[in-house]
Amino acid sequence: MKLLKYSLAFLLGAGTLTSCLDELDVVNPNQQTSSSFGFTADDLEECVIAAYNHTRMEGSYARVGYGIDLCRGDEVWNCSQVWYLPFDDLNVEATADIAWWPWREWYYTVNVCNFILSRVGEDNSQLSERMRQIKGQALFIRGLSYYNLAGYYQNPPLITSYETYSSLDGLYGANSTYDEVLDQVEADFSEAMDLLPSRDEGGEWAGGRATCGSAAGYYARALMMRHKFSEALVVLEDIIGGQYGTYRLMDNYGDNFREGSAYENNEETLFEIQYLDYGSQGTDDEWTPVNTSPNATQGHAIESNLAPGEYGGWADLAASPWLYRLFKSERTVDGTLDPRLYWTLGTYEADWADYEYGNVAYGHELTAADTIMVNNTYGGIPIAKNTNLRAGLYTTVVTGLHCGINMRLMRYSDVLLRAAECENELNGPTAKAIGWINEVRGRVNLPDLRVSDFSSANELFEQIANVERPKEFGCEFGRGFDLIRWGFFCDNGRLQQLKEHGTFRRSNDGSKLLTPVSYSNIGSDAELKSSYDTYLPGHEFLPIVQTLTNKNPNLVGNSANNSTDNSSYFSENGWTIRPVVDLDN
């Protein structure tokens, strides 16, 4: 009996000891490492969510990363003449602090995507459907990251393996060429097209995740950066034909710039950045990826940059008078103003008396005597797009990351206008190209264009580049990317045209706000300025900041660091820079 008791005691003790030892080996779920995390689909799904989160930070699309490209375009200027000034003047110095914020954000995102891709394997045929979706999203977001890095920094280091981070040699990588980076961008988007479902599958695929349609749209964009028009046209026509999901233009243009489930992730969207709606956000602004507040606002600050000071905004960015006059130069078949003006610029117009929310700015009724200036010191035409200036959810802007409007980064109208551009580049003005343009114009009831209106590819290109695209996408992210791929910074005629488009009036006299301005008067009118007068060669790109080149001995500057002209890149590739055409003659 004693022997039995001793045996039981020994077994119980051994069991207890074993139990204790097991507990010592348990991994703390709050302190996991790359050696213990990422081996299940659930783990990798968390990484995918983290990658999406990085796309909506300060340097990506939540403020500066979005605003810098707005400044680079010819339809927006820095009316505060402070915060974004060197980006607007296109002469950023290598010591400028915020010039590296997009770099910071997109490399954070690349890091997460590389980790995911290190876990899923290379043989797609062996992946479960869920793992295919995880891999496809990682490829898309990495492609998006490098698309932005190349578009801003020209020759950033290309890191595609997570193992690269395991050594100093890997961390201190050398520059890759512009072509090498875009080769990888194309490869990532192309593979993602085959792995991802379409928005037609519904659920989260129709509600914010990247789909095969997202990847196809961005693949076409990447191809067009290097004038691969025939390849891009095939992809764009497949999108139009429904191969990558069902897309259409929303009947109401304004539905692309309102918040709420009735409008966001609609059938026109190929990809958009998700932000929480007004009233459902936290209270803590989370400006960088290293902040991990559980109570983050999860909104963006684009509205804060755009909103007039009198409504609580930071009053940093305003619209160019050129864009306003462009909208005013053509009316619908019914004789009314183009409704895109209502949603793009916050001006009073008699046409808006009974349109949508009427003549309002943040809930305040406007009269013909009211002139809203973005900045009280330097004036500026208010930008209404991607703000609640028209919808009037609130009367005063709470500055910071609080706007809940999703940022539609690619819409179906872009597919149609890009298809028209590719068709024109390959075959000149054709009924097919004009038809796609008219589909976009028809949504806002503008009269149809005719093939006979255009005697050459140069004329139709001018119509697409400087009429159709500015009206449809004015004050949205992407104009700077277009100016680069078109070679406008590499041609004296086009650069002169940018100077004319970018002329604005710095004045606190509201009565002058909407009057026409002319570049030819800059010498005699001290209030006039053009951003492009201060453009330095190569500064269509941002410099790689000196802090980075100081720390990394293998990293060198780009054309902005060295103020070198990029026109030879165009000529060596045999690309055409379309000459300026006067469409009025």
# chains A, B, ... in the order shown; residues from 1 in each chain; ligands from 1

call {"tool": "residues_around", "arguments": {"residues": "Arg505 (chain A)", "least_positions_apart": "2", "cutoff": "6 Å", "atoms": "only C-alpha atoms", "output": "list in words"}}
result
Ser507, Glu527 and Leu528 of chain A

call {"tool": "write_last_selection", "arguments": {"atoms": "N, CA and C atoms", "output": "mmCIF file, in the first residue's frame"}}
result
data_model
loop_
_atom_site.group_PDB
_atom_site.id
_atom_site.type_symbol
_atom_site.label_atom_id
_atom_site.label_comp_id
_atom_site.auth_asym_id
_atom_site.auth_seq_id
_atom_site.Cartn_x
_atom_site.Cartn_y
_atom_site.Cartn_z
ATOM 1 N N SER A 507 -3.201 87.215 -52.876
ATOM 2 C CA SER A 507 -3.856 88.455 -52.476
ATOM 3 C C SER A 507 -4.881 88.174 -51.388
ATOM 4 N N GLU A 527 1.498 90.610 -57.305
ATOM 5 C CA GLU A 527 0.685 89.590 -56.632
ATOM 6 C C GLU A 527 0.701 88.260 -57.376
ATOM 7 N N LEU A 528 1.092 88.271 -58.634
ATOM 8 C CA LEU A 528 1.073 87.052 -59.432
ATOM 9 C C LEU A 528 2.340 86.234 -59.226
#

call {"tool": "residues_around", "arguments": {"residues": "Glu425 (chain A)", "least_positions_apart": "2", "cutoff": "12 Å", "atoms": "only C-alpha atoms", "output": "number ranges by chain"}}
result
A: 224, 227-230, 232-233, 418-423, 427-430, 433, 456-462, 464, 486, 575-578

call {"tool": "closest_atom_pairs", "arguments": {"of": "region 274-336 of chain A", "to": "region 248-264 of chain A", "cutoff": "10 Å", "atoms": "only C-alpha atoms", "output": "Markdown table"}}
result
| residue | atom | partner | partner_atom | distance |
| --- | --- | --- | --- | --- |
| A:Gln274 | CA | A:Glu264 | CA | 8.7 |
| A:Tyr275 | CA | A:Glu259 | CA | 8.8 |
| A:Leu276 | CA | A:Glu259 | CA | 8.8 |
| A:Asp277 | CA | A:Glu259 | CA | 6.4 |
| A:Tyr278 | CA | A:Glu259 | CA | 8.2 |

call {"tool": "closest_residue", "arguments": {"among": "A:Val112, A:Ile273, A:Ile484, A:Leu306", "to": "Met410 (chain A)", "atoms": "only C-alpha atoms"}}
result
A:Ile273

call {"tool": "select_by_dssp", "arguments": {"residues": "region 325-560 of chain A", "states": "helix (DSSP H, G or I)", "output": "ChimeraX atom specification"}}
result
/A:325-328,339-344,350-354,412-427,431-443,451-453,457-473,479-486,488-490,492-501,510-512,519-521,531-534,546-551,559-560
